[in-house]
Amino acid sequence: MPDILVAADEPAATELLHDAEATLGTLSRSGSGSLGPFNANWSASAFLAGGTVDLIAPNVIRLANCELHYNLHFSFSFDLSNIIPDFCLPQVCIHIPFVGTFCTPTFCVNWPTITIPVNFSDVVRFTADFSLNAHLSGPTWLIDAVIVGIPNLQLSVAAAAILAALGVAAAAALAVIPFIGPLLAGAVLAITAAIGIAGVTGLLGPILSLFVAGLTFTIYRQPRIFNVLPASGALDPAVNIRLDRIAASVSHTDEDELLIEADISA
Amino acid sequence: MSLTQTQHIFGGVHETGINDLLRAFFTARPRYLRYGTPAFVPATTVAATSVAAIPFFGLNIQFLISCDPIPTVDITPGGAGSAPLMPGTNEFTIRTNLNFTVTINNGPRITGSLVVLALCRPFVAVSTPGTGQIGITVSRVEIVDITPDWLESVVEGLVLGIIQTVVATVRFPFNTITAGAFGLILLAGPTAETDQIKVRGNAL
């Protein structure tokens, strides 16, 4: 029998997880990747919210319908030379009697790389199992709920939206180029169509997985030297106990409960 | 049967944990176990509490009273050690030795020690959600092997007052009963049962 035994039912455990989500705050990542002919530099921020807890003995917290709120900023770059080759107009010389020879300069066209920014925000819901891990970290006892595996994120709708946004942004950026812009815009639209939702999902999935892979919620954090009563004047010093052991588990009786055990000493 | 029953949060401290808490409390604040008149304790310090001498028919009675060892509890159902004063429903027994030294008109010191059992109940001393505290009330004491009975009753009456003074200082914060895991809104308890002090409620 532990010195202290604390139990929380599923609604209370849900509150505990929501508090842990809030404590985790907003996470940020950045990187780069490729999407068809586009190079994509991206930065992303995300936070977790919501979800309901299902406690599963002996050691699993299942969090259902947890919301990953994310904000993505892509900077897609595209080298127009990939579509139309660079070219040079050679020098042309004309001999004009009594005047001499007149030559035009060599004229080369090196198509630039255009950059297309795309911002996108959305929420993706997922369900995942977390295992409980109570451990001492320096002077502090922690109970972590650590995600098991990587949950399946349903991204097809978001991917379609990003693809559409990319196509529209690219077309708008290119359409203003005289003479060939409208043709290029059409070509880019054709390319984005060829990339398809699967292509964007292939870029988006790894980005968002960074926020859930190894996801850890700290649901308990207390110093090993635990203050029972603060000092109250010079005659009454603080009263502290030592948390010698902390453990966490899930029990199943007529309802499922999260159990936290503590052994203490003076 | 679940621990939380109809509430959402349960906190239970086993009697071994209560004893650790008492040891921590009285080790940090030993003055609540040691009381003396000015001849023994001229001024209150962390180590001892100074109390007034007792005027009695012109006599100068000076005394020193201390509880040693630090009190321990036996929460219902009681064990063999609590046999003289078994805890009943929602009760627990506190055990300690009451050690005393008395001098009358600066005469020789009279010393003695009594084994004291006190029957107690937990109560809500402060009910504030999150920062509430559980206290202890003492209803009876039992001192073994004093005769005749009338003298035992007189001594027990005196000792009851002393033990009530000692345990009245003890507080168990809600936050300790939940090991700091939850802020507790107390809805049920505290109860003393199955060797534990138990509370139930909602998370703050």
# chains A, B, ... in the order shown; residues from 1 in each chain; ligands from 1
$ closest_atom_pairs --of "chain B" --to "chain A" --cutoff "7 Å" --atoms "only C-alpha atoms" --output "CSV"
residue,atom,partner,partner_atom,distance
B:Met1,CA,A:Asp254,CA,5.7
B:Ser2,CA,A:Thr253,CA,5.7
B:Leu3,CA,A:Ala7,CA,6.5
B:Thr4,CA,A:Ala7,CA,6.5
B:His8,CA,A:Asp9,CA,5.3
B:Ile9,CA,A:Ala8,CA,4.8
B:Phe10,CA,A:Ala7,CA,4.9
B:Gly11,CA,A:Val6,CA,4.5
B:Gly12,CA,A:Leu5,CA,5.2
B:Val13,CA,A:Ile4,CA,4.5
B:His14,CA,A:Asp3,CA,5.0
B:Thr16,CA,A:Asp3,CA,6.0
B:Gly17,CA,A:Asp3,CA,4.3
B:Asp20,CA,A:Ala266,CA,5.2
B:Leu21,CA,A:Ala266,CA,6.5
B:Arg23,CA,A:Ala266,CA,5.9
B:Ala24,CA,A:Ala266,CA,4.5
B:Phe25,CA,A:Val239,CA,5.6
B:Ala28,CA,A:Val239,CA,5.8
B:Arg29,CA,A:Asp236,CA,5.8
B:Thr45,CA,A:Leu235,CA,6.0
B:Val46,CA,A:Leu235,CA,4.7
B:Pro173,CA,A:Val228,CA,6.8
B:Thr176,CA,A:Val228,CA,6.1
B:Ile177,CA,A:Ile4,CA,6.8
B:Thr178,CA,A:Val6,CA,5.7
B:Ala179,CA,A:Ile4,CA,6.9
B:Gly180,CA,A:Gln222,CA,6.7
B:Ala181,CA,A:Tyr220,CA,6.0
B:Ala203,CA,A:Ala12,CA,6.4
$ write_last_selection --atoms "N, CA and C atoms" --output "compact mmCIF listing (two decimals), in the first residue's frame"
# COMPACT_ATOMS: atom_id res chain seq x y z
N MET B 1 -15.31 -1.77 -6.65
CA MET B 1 -15.78 -0.39 -6.43
C MET B 1 -14.64 0.58 -6.72
N SER B 2 -14.93 1.60 -7.49
CA SER B 2 -13.88 2.56 -7.83
C SER B 2 -13.50 3.37 -6.60
N LEU B 3 -12.32 3.96 -6.66
CA LEU B 3 -11.87 4.80 -5.55
C LEU B 3 -12.61 6.14 -5.54
N THR B 4 -12.86 6.65 -6.71
CA THR B 4 -13.50 7.97 -6.78
C THR B 4 -14.99 7.91 -6.46
N HIS B 8 -14.95 12.73 -8.74
CA HIS B 8 -13.98 12.61 -9.84
C HIS B 8 -12.55 12.39 -9.34
N ILE B 9 -12.29 12.84 -8.11
CA ILE B 9 -10.93 12.75 -7.57
C ILE B 9 -10.97 12.05 -6.22
N PHE B 10 -10.00 11.19 -6.00
CA PHE B 10 -9.84 10.53 -4.70
C PHE B 10 -8.41 10.77 -4.21
N GLY B 11 -8.30 11.05 -2.92
CA GLY B 11 -6.97 11.11 -2.30
C GLY B 11 -7.00 10.33 -1.01
N GLY B 12 -6.06 9.45 -0.84
CA GLY B 12 -6.00 8.66 0.38
C GLY B 12 -4.58 8.61 0.90
N VAL B 13 -4.43 8.88 2.20
CA VAL B 13 -3.11 8.80 2.82
C VAL B 13 -3.14 7.66 3.83
N HIS B 14 -2.29 6.68 3.61
CA HIS B 14 -2.20 5.53 4.51
C HIS B 14 -1.62 5.98 5.84
N THR B 16 0.83 4.93 7.40
CA THR B 16 2.29 5.10 7.35
C THR B 16 2.65 6.47 6.78
N GLY B 17 1.83 6.93 5.82
CA GLY B 17 2.05 8.27 5.27
C GLY B 17 1.71 9.35 6.28
N ASP B 20 4.52 9.66 8.56
CA ASP B 20 5.62 10.43 7.94
C ASP B 20 5.31 11.93 7.98
N LEU B 21 4.06 12.28 7.73
CA LEU B 21 3.69 13.69 7.76
C LEU B 21 3.81 14.25 9.18
N ARG B 23 5.81 13.14 11.47
CA ARG B 23 7.24 13.22 11.78
C ARG B 23 7.84 14.47 11.13
N ALA B 24 7.43 14.73 9.88
CA ALA B 24 7.94 15.92 9.19
C ALA B 24 7.50 17.18 9.90
N PHE B 25 6.23 17.20 10.29
CA PHE B 25 5.67 18.40 10.94
C PHE B 25 6.37 18.67 12.27
N ALA B 28 10.11 19.58 12.04
CA ALA B 28 10.34 20.97 11.63
C ALA B 28 9.90 21.95 12.71
N ARG B 29 8.86 21.61 13.43
CA ARG B 29 8.29 22.53 14.42
C ARG B 29 8.16 21.83 15.78
N THR B 45 10.72 29.33 21.44
CA THR B 45 11.64 29.21 20.30
C THR B 45 11.08 28.15 19.37
N VAL B 46 11.83 27.87 18.30
CA VAL B 46 11.41 26.79 17.40
C VAL B 46 11.37 25.47 18.16
N PRO B 173 -2.62 19.67 4.33
CA PRO B 173 -3.21 20.40 3.20
C PRO B 173 -3.78 19.44 2.14
N THR B 176 -1.33 18.12 -0.26
CA THR B 176 -0.47 17.01 0.17
C THR B 176 -1.22 15.69 0.01
N ILE B 177 -2.50 15.70 0.33
CA ILE B 177 -3.28 14.46 0.25
C ILE B 177 -3.41 13.99 -1.19
N THR B 178 -3.31 14.92 -2.14
CA THR B 178 -3.33 14.51 -3.55
C THR B 178 -1.91 14.47 -4.14
N ALA B 179 -0.91 14.52 -3.29
CA ALA B 179 0.50 14.49 -3.72
C ALA B 179 0.81 15.57 -4.76
N GLY B 180 0.01 16.62 -4.73
CA GLY B 180 0.25 17.73 -5.65
C GLY B 180 -0.28 17.49 -7.05
N ALA B 181 -0.99 16.37 -7.25
CA ALA B 181 -1.45 16.05 -8.60
C ALA B 181 -2.65 16.89 -9.01
N ALA B 203 -11.69 18.08 -9.37
CA ALA B 203 -10.43 18.77 -9.64
C ALA B 203 -10.71 20.25 -9.79
$ select_by_dssp --residues "range 16-143 of chain B" --states "alpha helix (DSSP H)" --output "PyMOL selection string"
chain B and resi 16-28
$ write_last_selection --atoms "C-alpha atoms" --output "PDB file, in the first residue's frame"
ATOM      1  CA  THR B  16       2.292   5.099   7.345  1.00  0.00           C
ATOM      2  CA  GLY B  17       2.051   8.269   5.269  1.00  0.00           C
ATOM      3  CA  ILE B  18       0.248  10.122   8.057  1.00  0.00           C
ATOM      4  CA  ASN B  19       3.044   9.075  10.406  1.00  0.00           C
ATOM      5  CA  ASP B  20       5.616  10.428   7.940  1.00  0.00           C
ATOM      6  CA  LEU B  21       3.691  13.691   7.764  1.00  0.00           C
ATOM      7  CA  LEU B  22       3.520  13.919  11.558  1.00  0.00           C
ATOM      8  CA  ARG B  23       7.240  13.224  11.778  1.00  0.00           C
ATOM      9  CA  ALA B  24       7.942  15.916   9.185  1.00  0.00           C
ATOM     10  CA  PHE B  25       5.672  18.400  10.940  1.00  0.00           C
ATOM     11  CA  PHE B  26       6.982  17.884  14.463  1.00  0.00           C
ATOM     12  CA  THR B  27      10.597  17.598  13.366  1.00  0.00           C
ATOM     13  CA  ALA B  28      10.338  20.970  11.628  1.00  0.00           C
TER      14      ALA B  28
END
$ closest_residue --among "A:Ile195, A:Ala44, A:Ala173, A:Ala20" --to "Thr113 in chain A" --atoms "only C-alpha atoms"
A:Ala173
$ closest_residue --among "B:Cys67, B:Ile162, B:Ile104, B:Leu59" --to "Arg34 in chain B" --atoms "only C-alpha atoms"
B:Cys67
$ atom_distance --atom1 "CA of Ile65 in chain B" --atom2 "CA of Asp195 in chain B"
29.6 Å
$ residues_around --residues "Leu132 in chain A" --least-positions-apart "3" --cutoff "8 Å" --atoms "only C-alpha atoms" --output "MDAnalysis selection string"
chainID A and resid 59:61 143:146 248:249
$ residues_around --residues "Gln133 in chain B" --least-positions-apart "6" --cutoff "8 Å" --atoms "only C-alpha atoms" --output "list in words"
Val124, Ala125, Val126, Ser127, Arg171, Phe172, Pro173 and Phe174 of chain B
$ write_last_selection --atoms "N, CA and C atoms" --output "PDB file, in the first residue's frame"
ATOM      1  N   VAL B 124     -12.559  18.922   8.562  1.00  0.00           N
ATOM      2  CA  VAL B 124     -12.155  19.958   7.596  1.00  0.00           C
ATOM      3  C   VAL B 124     -11.839  21.225   8.366  1.00  0.00           C
ATOM      4  N   ALA B 125     -10.569  21.548   8.449  1.00  0.00           N
ATOM      5  CA  ALA B 125     -10.160  22.756   9.167  1.00  0.00           C
ATOM      6  C   ALA B 125     -10.339  23.983   8.282  1.00  0.00           C
ATOM      7  N   VAL B 126     -10.007  23.837   7.010  1.00  0.00           N
ATOM      8  CA  VAL B 126     -10.182  24.910   6.023  1.00  0.00           C
ATOM      9  C   VAL B 126     -10.738  24.251   4.765  1.00  0.00           C
ATOM     10  N   SER B 127     -11.837  24.783   4.253  1.00  0.00           N
ATOM     11  CA  SER B 127     -12.488  24.105   3.131  1.00  0.00           C
ATOM     12  C   SER B 127     -12.208  24.769   1.782  1.00  0.00           C
ATOM     13  N   ARG B 171      -1.851  20.192  10.551  1.00  0.00           N
ATOM     14  CA  ARG B 171      -2.711  20.366   9.388  1.00  0.00           C
ATOM     15  C   ARG B 171      -2.177  19.541   8.224  1.00  0.00           C
ATOM     16  N   PHE B 172      -3.095  18.920   7.508  1.00  0.00           N
ATOM     17  CA  PHE B 172      -2.738  18.198   6.292  1.00  0.00           C
ATOM     18  C   PHE B 172      -3.386  18.921   5.112  1.00  0.00           C
ATOM     19  N   PRO B 173      -2.622  19.674   4.334  1.00  0.00           N
ATOM     20  CA  PRO B 173      -3.213  20.400   3.197  1.00  0.00           C
ATOM     21  C   PRO B 173      -3.784  19.441   2.143  1.00  0.00           C
ATOM     22  N   PHE B 174      -4.867  19.871   1.505  1.00  0.00           N
ATOM     23  CA  PHE B 174      -5.448  19.071   0.413  1.00  0.00           C
ATOM     24  C   PHE B 174      -4.363  18.704  -0.598  1.00  0.00           C
TER      25      PHE B 174
END
$ residues_around --residues "range 106-109 of chain B" --least-positions-apart "2" --cutoff "12 Å" --atoms "only C-alpha atoms" --output "PDB file with N, CA and C atoms, in the first residue's frame"
ATOM      1  N   ALA B  39      10.714  28.664  34.044  1.00  0.00           N
ATOM      2  CA  ALA B  39      11.900  28.047  34.664  1.00  0.00           C
ATOM      3  C   ALA B  39      12.557  27.047  33.711  1.00  0.00           C
ATOM      4  N   PHE B  40      11.758  26.457  32.825  1.00  0.00           N
ATOM      5  CA  PHE B  40      12.296  25.475  31.874  1.00  0.00           C
ATOM      6  C   PHE B  40      12.439  26.068  30.462  1.00  0.00           C
ATOM      7  N   LEU B  59       1.706  28.419  45.658  1.00  0.00           N
ATOM      8  CA  LEU B  59       2.864  27.595  45.288  1.00  0.00           C
ATOM      9  C   LEU B  59       3.392  28.029  43.929  1.00  0.00           C
ATOM     10  N   ASN B  60       4.675  27.907  43.729  1.00  0.00           N
ATOM     11  CA  ASN B  60       5.297  28.182  42.434  1.00  0.00           C
ATOM     12  C   ASN B  60       5.507  26.836  41.733  1.00  0.00           C
ATOM     13  N   ILE B  61       4.571  26.527  40.870  1.00  0.00           N
ATOM     14  CA  ILE B  61       4.638  25.236  40.170  1.00  0.00           C
ATOM     15  C   ILE B  61       5.212  25.468  38.774  1.00  0.00           C
ATOM     16  N   GLN B  62       6.354  24.885  38.523  1.00  0.00           N
ATOM     17  CA  GLN B  62       6.991  24.971  37.198  1.00  0.00           C
ATOM     18  C   GLN B  62       7.012  23.570  36.596  1.00  0.00           C
ATOM     19  N   PHE B  63       6.806  23.510  35.280  1.00  0.00           N
ATOM     20  CA  PHE B  63       6.768  22.170  34.657  1.00  0.00           C
ATOM     21  C   PHE B  63       7.288  22.220  33.222  1.00  0.00           C
ATOM     22  N   LEU B  64       7.667  21.072  32.760  1.00  0.00           N
ATOM     23  CA  LEU B  64       8.054  20.865  31.354  1.00  0.00           C
ATOM     24  C   LEU B  64       7.333  19.617  30.876  1.00  0.00           C
ATOM     25  N   PHE B 100       6.987  14.338  31.594  1.00  0.00           N
ATOM     26  CA  PHE B 100       6.835  15.575  32.357  1.00  0.00           C
ATOM     27  C   PHE B 100       7.893  15.686  33.441  1.00  0.00           C
ATOM     28  N   THR B 101       8.201  16.929  33.706  1.00  0.00           N
ATOM     29  CA  THR B 101       9.076  17.275  34.826  1.00  0.00           C
ATOM     30  C   THR B 101       8.393  18.409  35.589  1.00  0.00           C
ATOM     31  N   VAL B 102       8.284  18.285  36.901  1.00  0.00           N
ATOM     32  CA  VAL B 102       7.586  19.276  37.712  1.00  0.00           C
ATOM     33  C   VAL B 102       8.476  19.664  38.893  1.00  0.00           C
ATOM     34  N   THR B 103       8.497  20.943  39.205  1.00  0.00           N
ATOM     35  CA  THR B 103       9.124  21.384  40.460  1.00  0.00           C
ATOM     36  C   THR B 103       8.130  22.283  41.180  1.00  0.00           C
ATOM     37  N   ILE B 104       8.097  22.165  42.491  1.00  0.00           N
ATOM     38  CA  ILE B 104       7.200  22.987  43.302  1.00  0.00           C
ATOM     39  C   ILE B 104       8.060  23.806  44.261  1.00  0.00           C
ATOM     40  N   THR B 111       9.992  13.710  37.837  1.00  0.00           N
ATOM     41  CA  THR B 111       9.852  13.362  36.424  1.00  0.00           C
ATOM     42  C   THR B 111       9.027  12.095  36.279  1.00  0.00           C
ATOM     43  N   GLY B 112       8.407  11.972  35.139  1.00  0.00           N
ATOM     44  CA  GLY B 112       7.607  10.781  34.875  1.00  0.00           C
ATOM     45  C   GLY B 112       7.239  10.719  33.407  1.00  0.00           C
TER      46      GLY B 112
END
$ closest_residue --among "A:Ile197, A:Cys108, A:Leu203, A:Ile191" --to "Pro37 in chain A" --atoms "only C-alpha atoms"
A:Ile191
$ atom_distance --atom1 "CA of Ser139 in chain B" --atom2 "CA of Leu114 in chain B"
18.3 Å
